[in-house]
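**Q** As input, take run16.txt (compact mmCIF, N, CA and C atoms):
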```txt
# COMPACT_ATOMS: atom_id res chain seq x y z
N MET T 1 -13.97 16.49 11.61
CA MET T 1 -14.13 15.27 10.84
C MET T 1 -15.36 14.54 11.37
N LYS T 2 -16.27 14.28 10.48
CA LYS T 2 -17.52 13.63 10.85
C LYS T 2 -17.47 12.15 10.45
N ILE T 3 -17.85 11.28 11.38
CA ILE T 3 -17.90 9.85 11.12
C ILE T 3 -19.30 9.37 11.47
N LEU T 4 -19.95 8.75 10.50
CA LEU T 4 -21.29 8.21 10.71
C LEU T 4 -21.24 6.70 10.60
N LEU T 5 -21.69 6.03 11.64
CA LEU T 5 -21.68 4.57 11.66
C LEU T 5 -23.07 4.04 11.35
N LYS T 6 -23.11 2.96 10.60
CA LYS T 6 -24.38 2.32 10.27
C LYS T 6 -24.41 0.96 10.95
N ASN T 7 -25.28 0.82 11.93
CA ASN T 7 -25.40 -0.46 12.62
C ASN T 7 -25.94 -1.54 11.70
N SER T 8 -26.67 -1.13 10.65
CA SER T 8 -27.25 -2.09 9.72
C SER T 8 -26.24 -2.58 8.68
N SER T 9 -25.07 -1.97 8.64
CA SER T 9 -24.05 -2.33 7.66
C SER T 9 -23.46 -3.71 7.97
N GLU T 10 -23.09 -4.41 6.91
CA GLU T 10 -22.42 -5.70 7.07
C GLU T 10 -20.96 -5.51 7.46
N ARG T 11 -20.42 -4.30 7.22
CA ARG T 11 -19.02 -4.02 7.53
C ARG T 11 -18.85 -3.81 9.03
N PRO T 12 -17.80 -4.38 9.60
CA PRO T 12 -17.55 -4.15 11.03
C PRO T 12 -17.34 -2.66 11.31
N ILE T 13 -17.64 -2.26 12.54
CA ILE T 13 -17.54 -0.86 12.94
C ILE T 13 -16.14 -0.30 12.72
N TYR T 14 -15.10 -1.07 13.08
CA TYR T 14 -13.72 -0.56 12.91
C TYR T 14 -13.43 -0.28 11.45
N GLU T 15 -13.98 -1.09 10.52
CA GLU T 15 -13.75 -0.87 9.10
C GLU T 15 -14.48 0.38 8.62
N GLN T 16 -15.67 0.62 9.16
CA GLN T 16 -16.41 1.83 8.80
C GLN T 16 -15.63 3.07 9.25
N ILE T 17 -15.08 3.01 10.45
CA ILE T 17 -14.28 4.14 10.96
C ILE T 17 -13.06 4.34 10.07
N LYS T 18 -12.33 3.25 9.82
CA LYS T 18 -11.12 3.31 9.00
C LYS T 18 -11.42 3.89 7.62
N GLN T 19 -12.47 3.41 6.97
CA GLN T 19 -12.82 3.86 5.64
C GLN T 19 -13.17 5.35 5.61
N GLN T 20 -13.92 5.78 6.60
CA GLN T 20 -14.33 7.19 6.62
C GLN T 20 -13.17 8.13 6.92
N VAL T 21 -12.24 7.70 7.78
CA VAL T 21 -11.05 8.51 8.04
C VAL T 21 -10.22 8.59 6.76
N LYS T 22 -10.04 7.45 6.06
CA LYS T 22 -9.31 7.43 4.79
C LYS T 22 -9.93 8.39 3.80
N GLU T 23 -11.25 8.33 3.66
CA GLU T 23 -11.95 9.21 2.72
C GLU T 23 -11.72 10.67 3.07
N ASN T 24 -11.77 11.00 4.36
CA ASN T 24 -11.54 12.38 4.79
C ASN T 24 -10.13 12.83 4.45
N ILE T 25 -9.16 11.94 4.57
CA ILE T 25 -7.77 12.27 4.24
C ILE T 25 -7.62 12.43 2.73
N LEU T 26 -8.12 11.47 1.95
CA LEU T 26 -7.97 11.51 0.50
C LEU T 26 -8.69 12.70 -0.12
N LYS T 27 -9.81 13.11 0.47
CA LYS T 27 -10.57 14.24 -0.07
C LYS T 27 -10.06 15.58 0.47
N GLY T 28 -9.08 15.54 1.37
CA GLY T 28 -8.50 16.78 1.89
C GLY T 28 -9.31 17.45 2.99
N HIS T 29 -10.27 16.74 3.57
CA HIS T 29 -11.07 17.32 4.66
C HIS T 29 -10.26 17.42 5.96
N VAL T 30 -9.23 16.59 6.08
CA VAL T 30 -8.27 16.71 7.17
C VAL T 30 -6.90 16.86 6.52
N THR T 31 -6.08 17.71 7.09
CA THR T 31 -4.81 18.06 6.45
C THR T 31 -3.64 17.34 7.11
N PRO T 32 -2.55 17.18 6.36
CA PRO T 32 -1.35 16.55 6.92
C PRO T 32 -0.91 17.26 8.19
N GLY T 33 -0.58 16.48 9.20
CA GLY T 33 -0.15 17.03 10.48
C GLY T 33 -1.29 17.30 11.44
N GLU T 34 -2.53 17.23 10.93
CA GLU T 34 -3.68 17.50 11.79
C GLU T 34 -3.84 16.41 12.84
N HIS T 35 -4.11 16.85 14.05
CA HIS T 35 -4.28 15.94 15.19
C HIS T 35 -5.67 15.30 15.12
N LEU T 36 -5.73 13.98 15.16
CA LEU T 36 -7.01 13.27 15.18
C LEU T 36 -7.46 13.09 16.62
N PRO T 37 -8.75 12.88 16.84
CA PRO T 37 -9.21 12.63 18.21
C PRO T 37 -8.49 11.41 18.79
N SER T 38 -8.28 11.42 20.09
CA SER T 38 -7.65 10.25 20.72
C SER T 38 -8.58 9.06 20.56
N MET T 39 -8.02 7.87 20.72
CA MET T 39 -8.84 6.64 20.61
C MET T 39 -9.99 6.68 21.61
N ARG T 40 -9.71 7.16 22.82
CA ARG T 40 -10.76 7.25 23.85
C ARG T 40 -11.84 8.26 23.49
N GLU T 41 -11.41 9.44 23.02
CA GLU T 41 -12.37 10.47 22.62
C GLU T 41 -13.27 9.98 21.49
N LEU T 42 -12.65 9.39 20.48
CA LEU T 42 -13.41 8.90 19.33
C LEU T 42 -14.37 7.79 19.75
N ALA T 43 -13.90 6.88 20.60
CA ALA T 43 -14.76 5.80 21.10
C ALA T 43 -15.96 6.38 21.84
N GLN T 44 -15.71 7.39 22.67
CA GLN T 44 -16.79 8.01 23.43
C GLN T 44 -17.77 8.74 22.50
N ASP T 45 -17.23 9.49 21.53
CA ASP T 45 -18.08 10.23 20.58
C ASP T 45 -18.97 9.29 19.77
N LEU T 46 -18.41 8.13 19.39
CA LEU T 46 -19.15 7.20 18.54
C LEU T 46 -19.91 6.13 19.33
N SER T 47 -19.74 6.14 20.66
CA SER T 47 -20.35 5.13 21.54
C SER T 47 -19.94 3.72 21.16
N VAL T 48 -18.62 3.55 20.98
CA VAL T 48 -18.06 2.23 20.67
C VAL T 48 -16.92 1.94 21.64
N SER T 49 -16.42 0.75 21.59
CA SER T 49 -15.32 0.33 22.44
C SER T 49 -14.01 0.99 22.00
N VAL T 50 -13.14 1.24 22.96
CA VAL T 50 -11.80 1.77 22.65
C VAL T 50 -11.04 0.75 21.80
N ILE T 51 -11.30 -0.52 21.99
CA ILE T 51 -10.65 -1.58 21.20
C ILE T 51 -11.00 -1.39 19.72
N THR T 52 -12.23 -0.98 19.45
CA THR T 52 -12.68 -0.76 18.07
C THR T 52 -11.92 0.39 17.44
N THR T 53 -11.81 1.52 18.13
CA THR T 53 -11.09 2.66 17.57
C THR T 53 -9.59 2.37 17.48
N LYS T 54 -9.07 1.61 18.43
CA LYS T 54 -7.65 1.23 18.41
C LYS T 54 -7.35 0.43 17.15
N ARG T 55 -8.21 -0.52 16.84
CA ARG T 55 -8.00 -1.35 15.65
C ARG T 55 -8.05 -0.50 14.37
N ALA T 56 -9.00 0.43 14.30
CA ALA T 56 -9.11 1.31 13.13
C ALA T 56 -7.84 2.15 12.97
N TYR T 57 -7.38 2.75 14.06
CA TYR T 57 -6.18 3.59 14.01
C TYR T 57 -4.94 2.77 13.67
N GLU T 58 -4.84 1.56 14.22
CA GLU T 58 -3.69 0.70 13.90
C GLU T 58 -3.66 0.36 12.42
N ASP T 59 -4.83 0.04 11.86
CA ASP T 59 -4.91 -0.28 10.42
C ASP T 59 -4.55 0.94 9.58
N LEU T 60 -5.03 2.12 9.99
CA LEU T 60 -4.72 3.35 9.26
C LEU T 60 -3.22 3.64 9.30
N GLU T 61 -2.60 3.36 10.43
CA GLU T 61 -1.15 3.58 10.55
C GLU T 61 -0.39 2.59 9.68
N LYS T 62 -0.82 1.35 9.71
CA LYS T 62 -0.19 0.30 8.88
C LYS T 62 -0.31 0.64 7.39
N ASP T 63 -1.44 1.24 7.00
CA ASP T 63 -1.67 1.60 5.60
C ASP T 63 -1.02 2.92 5.20
N GLY T 64 -0.38 3.61 6.17
CA GLY T 64 0.36 4.82 5.87
C GLY T 64 -0.46 6.10 5.83
N PHE T 65 -1.63 6.10 6.46
CA PHE T 65 -2.47 7.30 6.46
C PHE T 65 -2.24 8.18 7.69
N VAL T 66 -1.82 7.58 8.79
CA VAL T 66 -1.61 8.33 10.03
C VAL T 66 -0.32 7.87 10.70
N PHE T 67 0.14 8.65 11.66
CA PHE T 67 1.26 8.23 12.51
C PHE T 67 0.94 8.62 13.94
N THR T 68 1.50 7.87 14.87
CA THR T 68 1.23 8.12 16.28
C THR T 68 2.52 8.49 16.99
N ILE T 69 2.43 9.50 17.82
CA ILE T 69 3.54 9.89 18.69
C ILE T 69 3.09 9.58 20.11
N ARG T 70 3.80 8.68 20.75
CA ARG T 70 3.43 8.24 22.09
C ARG T 70 3.31 9.45 23.03
N GLY T 71 2.19 9.53 23.69
CA GLY T 71 1.95 10.61 24.63
C GLY T 71 1.40 11.89 24.02
N LYS T 72 1.41 11.97 22.68
CA LYS T 72 0.93 13.19 22.01
C LYS T 72 -0.31 12.92 21.16
N GLY T 73 -0.42 11.72 20.60
CA GLY T 73 -1.61 11.39 19.84
C GLY T 73 -1.34 10.90 18.43
N THR T 74 -2.42 10.86 17.66
CA THR T 74 -2.38 10.37 16.28
C THR T 74 -2.60 11.54 15.34
N PHE T 75 -1.78 11.57 14.28
CA PHE T 75 -1.78 12.69 13.34
C PHE T 75 -1.89 12.17 11.91
N VAL T 76 -2.44 13.02 11.04
CA VAL T 76 -2.54 12.69 9.62
C VAL T 76 -1.15 12.78 9.01
N LYS T 77 -0.78 11.75 8.28
CA LYS T 77 0.54 11.68 7.66
C LYS T 77 0.54 12.44 6.33
N GLU T 78 1.66 13.06 6.02
CA GLU T 78 1.83 13.73 4.72
C GLU T 78 1.67 12.67 3.63
N GLN T 79 0.87 12.99 2.61
CA GLN T 79 0.56 12.00 1.60
C GLN T 79 0.91 12.50 0.20
N ASP T 80 1.28 11.56 -0.64
CA ASP T 80 1.34 11.83 -2.07
C ASP T 80 0.04 11.24 -2.59
N SER T 81 -0.92 12.10 -2.88
CA SER T 81 -2.27 11.63 -3.21
C SER T 81 -2.29 10.69 -4.41
N SER T 82 -1.40 10.88 -5.38
CA SER T 82 -1.40 10.00 -6.54
C SER T 82 -0.96 8.59 -6.14
N ILE T 83 0.00 8.48 -5.21
CA ILE T 83 0.44 7.16 -4.74
C ILE T 83 -0.66 6.51 -3.91
N LEU T 84 -1.31 7.30 -3.07
CA LEU T 84 -2.40 6.76 -2.26
C LEU T 84 -3.55 6.25 -3.13
N LYS T 85 -3.90 7.02 -4.13
CA LYS T 85 -4.98 6.60 -5.01
C LYS T 85 -4.60 5.33 -5.76
N GLU T 86 -3.35 5.23 -6.16
CA GLU T 86 -2.88 4.02 -6.85
C GLU T 86 -2.98 2.80 -5.92
N LYS T 87 -2.63 2.98 -4.65
CA LYS T 87 -2.77 1.89 -3.67
C LYS T 87 -4.23 1.48 -3.56
N GLN T 88 -5.12 2.47 -3.52
CA GLN T 88 -6.55 2.17 -3.41
C GLN T 88 -7.06 1.46 -4.67
N PHE T 89 -6.56 1.84 -5.84
CA PHE T 89 -6.95 1.16 -7.07
C PHE T 89 -6.55 -0.32 -7.02
N ILE T 90 -5.38 -0.60 -6.46
CA ILE T 90 -4.92 -1.98 -6.34
C ILE T 90 -5.86 -2.77 -5.43
N VAL T 91 -6.27 -2.16 -4.32
CA VAL T 91 -7.21 -2.82 -3.40
C VAL T 91 -8.54 -3.08 -4.10
N ILE T 92 -9.04 -2.07 -4.82
CA ILE T 92 -10.32 -2.20 -5.52
C ILE T 92 -10.23 -3.28 -6.60
N GLU T 93 -9.13 -3.32 -7.32
CA GLU T 93 -8.94 -4.33 -8.36
C GLU T 93 -8.96 -5.73 -7.76
N SER T 94 -8.31 -5.89 -6.63
CA SER T 94 -8.29 -7.19 -5.96
C SER T 94 -9.70 -7.60 -5.53
N LEU T 95 -10.46 -6.67 -4.97
CA LEU T 95 -11.83 -6.96 -4.57
C LEU T 95 -12.69 -7.31 -5.79
N ALA T 96 -12.46 -6.59 -6.90
CA ALA T 96 -13.22 -6.86 -8.13
C ALA T 96 -12.91 -8.25 -8.67
N LYS T 97 -11.66 -8.67 -8.57
CA LYS T 97 -11.29 -10.02 -9.02
C LYS T 97 -12.02 -11.08 -8.19
N SER T 98 -12.05 -10.88 -6.88
CA SER T 98 -12.75 -11.82 -6.00
C SER T 98 -14.24 -11.86 -6.33
N MET T 99 -14.81 -10.69 -6.54
CA MET T 99 -16.23 -10.59 -6.86
C MET T 99 -16.52 -11.29 -8.19
N SER T 100 -15.69 -11.06 -9.16
CA SER T 100 -15.87 -11.67 -10.48
C SER T 100 -15.78 -13.20 -10.39
N LYS T 101 -14.82 -13.68 -9.63
CA LYS T 101 -14.65 -15.12 -9.47
C LYS T 101 -15.89 -15.75 -8.82
N GLU T 102 -16.40 -15.10 -7.77
CA GLU T 102 -17.59 -15.61 -7.09
C GLU T 102 -18.80 -15.59 -8.02
N ALA T 103 -18.93 -14.53 -8.80
CA ALA T 103 -20.06 -14.41 -9.73
C ALA T 103 -20.01 -15.52 -10.78
N LYS T 104 -18.82 -15.78 -11.32
CA LYS T 104 -18.67 -16.85 -12.32
C LYS T 104 -18.98 -18.21 -11.73
N THR T 105 -18.68 -18.40 -10.44
CA THR T 105 -18.94 -19.67 -9.77
C THR T 105 -20.43 -20.03 -9.82
N ILE T 106 -21.29 -19.02 -9.72
CA ILE T 106 -22.73 -19.30 -9.73
C ILE T 106 -23.36 -19.02 -11.09
N GLY T 107 -22.54 -18.73 -12.10
CA GLY T 107 -23.05 -18.52 -13.44
C GLY T 107 -23.68 -17.15 -13.67
N MET T 108 -23.32 -16.18 -12.84
CA MET T 108 -23.86 -14.82 -12.99
C MET T 108 -23.24 -14.17 -14.23
N THR T 109 -24.06 -13.46 -14.98
CA THR T 109 -23.55 -12.77 -16.17
C THR T 109 -22.88 -11.46 -15.76
N LEU T 110 -22.07 -10.94 -16.66
CA LEU T 110 -21.40 -9.66 -16.41
C LEU T 110 -22.41 -8.55 -16.20
N SER T 111 -23.47 -8.54 -17.00
CA SER T 111 -24.47 -7.47 -16.85
C SER T 111 -25.18 -7.57 -15.50
N GLU T 112 -25.42 -8.77 -14.99
CA GLU T 112 -26.03 -8.93 -13.66
C GLU T 112 -25.09 -8.40 -12.58
N LEU T 113 -23.81 -8.72 -12.72
CA LEU T 113 -22.81 -8.26 -11.76
C LEU T 113 -22.70 -6.74 -11.80
N GLN T 114 -22.70 -6.16 -12.99
CA GLN T 114 -22.63 -4.71 -13.13
C GLN T 114 -23.86 -4.04 -12.52
N GLU T 115 -25.02 -4.67 -12.69
CA GLU T 115 -26.25 -4.11 -12.13
C GLU T 115 -26.18 -4.09 -10.60
N ILE T 116 -25.70 -5.17 -10.00
CA ILE T 116 -25.56 -5.24 -8.55
C ILE T 116 -24.58 -4.17 -8.07
N LEU T 117 -23.44 -4.09 -8.73
CA LEU T 117 -22.42 -3.10 -8.35
C LEU T 117 -22.97 -1.68 -8.49
N SER T 118 -23.69 -1.43 -9.54
CA SER T 118 -24.28 -0.12 -9.76
C SER T 118 -25.26 0.24 -8.65
N LEU T 119 -26.10 -0.71 -8.25
CA LEU T 119 -27.06 -0.47 -7.17
C LEU T 119 -26.34 -0.18 -5.85
N ILE T 120 -25.33 -0.95 -5.55
CA ILE T 120 -24.57 -0.76 -4.31
C ILE T 120 -23.84 0.58 -4.34
N TYR T 121 -23.27 0.92 -5.47
CA TYR T 121 -22.54 2.18 -5.62
C TYR T 121 -23.46 3.38 -5.37
N GLU T 122 -24.65 3.33 -5.94
CA GLU T 122 -25.63 4.40 -5.76
C GLU T 122 -26.15 4.44 -4.33
N GLU T 123 -26.34 3.27 -3.73
CA GLU T 123 -26.88 3.15 -2.37
C GLU T 123 -25.93 3.79 -1.36
N ASP T 124 -24.62 3.65 -1.55
CA ASP T 124 -23.64 4.18 -0.61
C ASP T 124 -23.60 5.70 -0.59
N ASP T 125 -24.18 6.36 -1.59
CA ASP T 125 -24.20 7.83 -1.63
C ASP T 125 -25.29 8.38 -0.71
N GLU T 126 -26.21 7.54 -0.30
CA GLU T 126 -27.34 8.01 0.51
C GLU T 126 -26.95 8.22 1.94
```
I need this file expressed as structure tokens, please.

**A**
Amino acid sequence: MKILLKNSSERPIYEQIKQQVKENILKGHVTPGEHLPSMRELAQDLSVSVITTKRAYEDLEKDGFVFTIRGKGTFVKEQDSSILKEKQFIVIESLAKSMSKEAKTIGMTLSELQEILSLIYEEDDE
């Protein structure tokens, strides 16, 4: 599992880690039951604090993507991909509502908002 961090990103490092692990799980790059690197190993590999990886793993566990067995490590949880995708759609919808509300506050048109979203969407593929 490859994780690439962007120091220039506005997103905190723990969120970047969490998002990339989620993507790897949803896309099937890591399989249910697969052992993830320990918090210490991941922190060392990414040159970040153990606190950062701990927070990412805790959030992933809370969201139902991984489970931890004390003394053995963190593992990918068996998933129903359709339920997981539905959960992600709910999160995306909530973010879109917030974005729409903010855009309306400053009088931004729908086409301007779509243009910004389109640029950001394309930029994240790079």

**Q** With distances taken over all atoms listed in the file, which of T:Leu26, T:Ile17, T:Leu110, T:Ile120 is nearest to T:Lys85?

**A** T:Leu26

**Q** If DSSP is run on the backbone, what residues of stretch 60-106 of chain T are strand (DSSP E)? A reply as a short mmCIF file (atom, residue, chain, number, x, y, z; two decimals) with N, CA and C atoms, in the frame of the given file would be ideal.

**A**
```cif
data_model
loop_
_atom_site.label_atom_id
_atom_site.label_comp_id
_atom_site.auth_asym_id
_atom_site.auth_seq_id
_atom_site.Cartn_x
_atom_site.Cartn_y
_atom_site.Cartn_z
N VAL T 66 -1.82 7.58 8.79
CA VAL T 66 -1.61 8.33 10.03
C VAL T 66 -0.32 7.87 10.70
N PHE T 67 0.14 8.65 11.66
CA PHE T 67 1.26 8.23 12.51
C PHE T 67 0.94 8.62 13.94
N THR T 68 1.50 7.87 14.87
CA THR T 68 1.23 8.12 16.28
C THR T 68 2.52 8.49 16.99
N ILE T 69 2.43 9.50 17.82
CA ILE T 69 3.54 9.89 18.69
C ILE T 69 3.09 9.58 20.11
N GLY T 73 -0.42 11.72 20.60
CA GLY T 73 -1.61 11.39 19.84
C GLY T 73 -1.34 10.90 18.43
N THR T 74 -2.42 10.86 17.66
CA THR T 74 -2.38 10.37 16.28
C THR T 74 -2.60 11.54 15.34
N PHE T 75 -1.78 11.57 14.28
CA PHE T 75 -1.78 12.69 13.34
C PHE T 75 -1.89 12.17 11.91
N VAL T 76 -2.44 13.02 11.04
CA VAL T 76 -2.54 12.69 9.62
C VAL T 76 -1.15 12.78 9.01
#
```

**Q** Just give me the gap between atom CA of T:Lys18 and atom CA of T:Tyr57 in Å, one decimal is fine.

**A**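 So the two atoms, atom CA of T:Lys18 and atom CA of T:Tyr57, lie 7.0 Å apart.
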
**Q** Tell me, in Å to one decimal, how far atom N of T:Lys87 is from atom C of T:Gln16.

**A** 19.0 Å

**Q** Pick from T:Thr74, T:Lys54, T:Glu15, T:Phe65: nearest to T:His35, with only C-alpha atoms counted?

**A** T:Thr74

**Q** What does the distance between atom CA of T:Asp59 and atom N of T:Ile13 come to in Å, to one decimal place?

**A**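 Going from atom CA of T:Asp59 over to atom N of T:Ile13, I get 13.1 Å.
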
**Q** Mind rebuilding stretch 3-26 of chain T with N, CA, C and O atoms and writing that out as a PDB file, in the frame of the given file?

**A**
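What follows is the written file result08.pdb:
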```pdb
ATOM      1  N   ILE T   3     -17.850  11.280  11.380  1.00  0.00           N
ATOM      2  CA  ILE T   3     -17.900   9.850  11.120  1.00  0.00           C
ATOM      3  C   ILE T   3     -19.300   9.370  11.470  1.00  0.00           C
ATOM      4  O   ILE T   3     -19.779   9.584  12.587  1.00  0.00           O
ATOM      5  N   LEU T   4     -19.950   8.750  10.500  1.00  0.00           N
ATOM      6  CA  LEU T   4     -21.290   8.210  10.710  1.00  0.00           C
ATOM      7  C   LEU T   4     -21.240   6.700  10.600  1.00  0.00           C
ATOM      8  O   LEU T   4     -20.809   6.157   9.586  1.00  0.00           O
ATOM      9  N   LEU T   5     -21.690   6.030  11.640  1.00  0.00           N
ATOM     10  CA  LEU T   5     -21.680   4.570  11.660  1.00  0.00           C
ATOM     11  C   LEU T   5     -23.070   4.040  11.350  1.00  0.00           C
ATOM     12  O   LEU T   5     -24.074   4.616  11.778  1.00  0.00           O
ATOM     13  N   LYS T   6     -23.110   2.960  10.600  1.00  0.00           N
ATOM     14  CA  LYS T   6     -24.380   2.320  10.270  1.00  0.00           C
ATOM     15  C   LYS T   6     -24.410   0.960  10.950  1.00  0.00           C
ATOM     16  O   LYS T   6     -23.637   0.065  10.591  1.00  0.00           O
ATOM     17  N   ASN T   7     -25.280   0.820  11.930  1.00  0.00           N
ATOM     18  CA  ASN T   7     -25.400  -0.460  12.620  1.00  0.00           C
ATOM     19  C   ASN T   7     -25.940  -1.540  11.700  1.00  0.00           C
ATOM     20  O   ASN T   7     -25.710  -2.726  11.909  1.00  0.00           O
ATOM     21  N   SER T   8     -26.670  -1.130  10.650  1.00  0.00           N
ATOM     22  CA  SER T   8     -27.250  -2.090   9.720  1.00  0.00           C
ATOM     23  C   SER T   8     -26.240  -2.580   8.680  1.00  0.00           C
ATOM     24  O   SER T   8     -26.526  -3.511   7.932  1.00  0.00           O
ATOM     25  N   SER T   9     -25.070  -1.970   8.640  1.00  0.00           N
ATOM     26  CA  SER T   9     -24.050  -2.330   7.660  1.00  0.00           C
ATOM     27  C   SER T   9     -23.460  -3.710   7.970  1.00  0.00           C
ATOM     28  O   SER T   9     -23.331  -4.103   9.126  1.00  0.00           O
ATOM     29  N   GLU T  10     -23.090  -4.410   6.910  1.00  0.00           N
ATOM     30  CA  GLU T  10     -22.420  -5.700   7.070  1.00  0.00           C
ATOM     31  C   GLU T  10     -20.960  -5.510   7.460  1.00  0.00           C
ATOM     32  O   GLU T  10     -20.321  -6.432   7.959  1.00  0.00           O
ATOM     33  N   ARG T  11     -20.420  -4.300   7.220  1.00  0.00           N
ATOM     34  CA  ARG T  11     -19.020  -4.020   7.530  1.00  0.00           C
ATOM     35  C   ARG T  11     -18.850  -3.810   9.030  1.00  0.00           C
ATOM     36  O   ARG T  11     -19.646  -3.105   9.650  1.00  0.00           O
ATOM     37  N   PRO T  12     -17.800  -4.380   9.600  1.00  0.00           N
ATOM     38  CA  PRO T  12     -17.550  -4.150  11.030  1.00  0.00           C
ATOM     39  C   PRO T  12     -17.340  -2.660  11.310  1.00  0.00           C
ATOM     40  O   PRO T  12     -16.920  -1.898  10.440  1.00  0.00           O
ATOM     41  N   ILE T  13     -17.640  -2.260  12.540  1.00  0.00           N
ATOM     42  CA  ILE T  13     -17.540  -0.860  12.940  1.00  0.00           C
ATOM     43  C   ILE T  13     -16.140  -0.300  12.720  1.00  0.00           C
ATOM     44  O   ILE T  13     -15.979   0.801  12.197  1.00  0.00           O
ATOM     45  N   TYR T  14     -15.100  -1.070  13.080  1.00  0.00           N
ATOM     46  CA  TYR T  14     -13.720  -0.560  12.910  1.00  0.00           C
ATOM     47  C   TYR T  14     -13.430  -0.280  11.450  1.00  0.00           C
ATOM     48  O   TYR T  14     -12.722   0.681  11.117  1.00  0.00           O
ATOM     49  N   GLU T  15     -13.980  -1.090  10.520  1.00  0.00           N
ATOM     50  CA  GLU T  15     -13.750  -0.870   9.100  1.00  0.00           C
ATOM     51  C   GLU T  15     -14.480   0.380   8.620  1.00  0.00           C
ATOM     52  O   GLU T  15     -13.984   1.116   7.766  1.00  0.00           O
ATOM     53  N   GLN T  16     -15.670   0.620   9.160  1.00  0.00           N
ATOM     54  CA  GLN T  16     -16.410   1.830   8.800  1.00  0.00           C
ATOM     55  C   GLN T  16     -15.630   3.070   9.250  1.00  0.00           C
ATOM     56  O   GLN T  16     -15.522   4.043   8.495  1.00  0.00           O
ATOM     57  N   ILE T  17     -15.080   3.010  10.450  1.00  0.00           N
ATOM     58  CA  ILE T  17     -14.280   4.140  10.960  1.00  0.00           C
ATOM     59  C   ILE T  17     -13.060   4.340  10.070  1.00  0.00           C
ATOM     60  O   ILE T  17     -12.776   5.452   9.611  1.00  0.00           O
ATOM     61  N   LYS T  18     -12.330   3.250   9.820  1.00  0.00           N
ATOM     62  CA  LYS T  18     -11.120   3.310   9.000  1.00  0.00           C
ATOM     63  C   LYS T  18     -11.420   3.890   7.620  1.00  0.00           C
ATOM     64  O   LYS T  18     -10.726   4.792   7.149  1.00  0.00           O
ATOM     65  N   GLN T  19     -12.470   3.410   6.970  1.00  0.00           N
ATOM     66  CA  GLN T  19     -12.820   3.860   5.640  1.00  0.00           C
ATOM     67  C   GLN T  19     -13.170   5.350   5.610  1.00  0.00           C
ATOM     68  O   GLN T  19     -12.745   6.080   4.725  1.00  0.00           O
ATOM     69  N   GLN T  20     -13.920   5.780   6.600  1.00  0.00           N
ATOM     70  CA  GLN T  20     -14.330   7.190   6.620  1.00  0.00           C
ATOM     71  C   GLN T  20     -13.170   8.130   6.920  1.00  0.00           C
ATOM     72  O   GLN T  20     -13.088   9.234   6.371  1.00  0.00           O
ATOM     73  N   VAL T  21     -12.240   7.700   7.780  1.00  0.00           N
ATOM     74  CA  VAL T  21     -11.050   8.510   8.040  1.00  0.00           C
ATOM     75  C   VAL T  21     -10.220   8.590   6.760  1.00  0.00           C
ATOM     76  O   VAL T  21      -9.749   9.670   6.366  1.00  0.00           O
ATOM     77  N   LYS T  22     -10.040   7.450   6.060  1.00  0.00           N
ATOM     78  CA  LYS T  22      -9.310   7.430   4.790  1.00  0.00           C
ATOM     79  C   LYS T  22      -9.930   8.390   3.800  1.00  0.00           C
ATOM     80  O   LYS T  22      -9.228   9.168   3.146  1.00  0.00           O
ATOM     81  N   GLU T  23     -11.250   8.330   3.660  1.00  0.00           N
ATOM     82  CA  GLU T  23     -11.950   9.210   2.720  1.00  0.00           C
ATOM     83  C   GLU T  23     -11.720  10.670   3.070  1.00  0.00           C
ATOM     84  O   GLU T  23     -11.472  11.489   2.186  1.00  0.00           O
ATOM     85  N   ASN T  24     -11.770  11.000   4.360  1.00  0.00           N
ATOM     86  CA  ASN T  24     -11.540  12.380   4.790  1.00  0.00           C
ATOM     87  C   ASN T  24     -10.130  12.830   4.450  1.00  0.00           C
ATOM     88  O   ASN T  24      -9.914  13.989   4.067  1.00  0.00           O
ATOM     89  N   ILE T  25      -9.160  11.940   4.570  1.00  0.00           N
ATOM     90  CA  ILE T  25      -7.770  12.270   4.240  1.00  0.00           C
ATOM     91  C   ILE T  25      -7.620  12.430   2.730  1.00  0.00           C
ATOM     92  O   ILE T  25      -7.056  13.423   2.261  1.00  0.00           O
ATOM     93  N   LEU T  26      -8.120  11.470   1.950  1.00  0.00           N
ATOM     94  CA  LEU T  26      -7.970  11.510   0.500  1.00  0.00           C
ATOM     95  C   LEU T  26      -8.690  12.700  -0.120  1.00  0.00           C
ATOM     96  O   LEU T  26      -8.236  13.251  -1.119  1.00  0.00           O
TER      97      LEU T  26
END
```
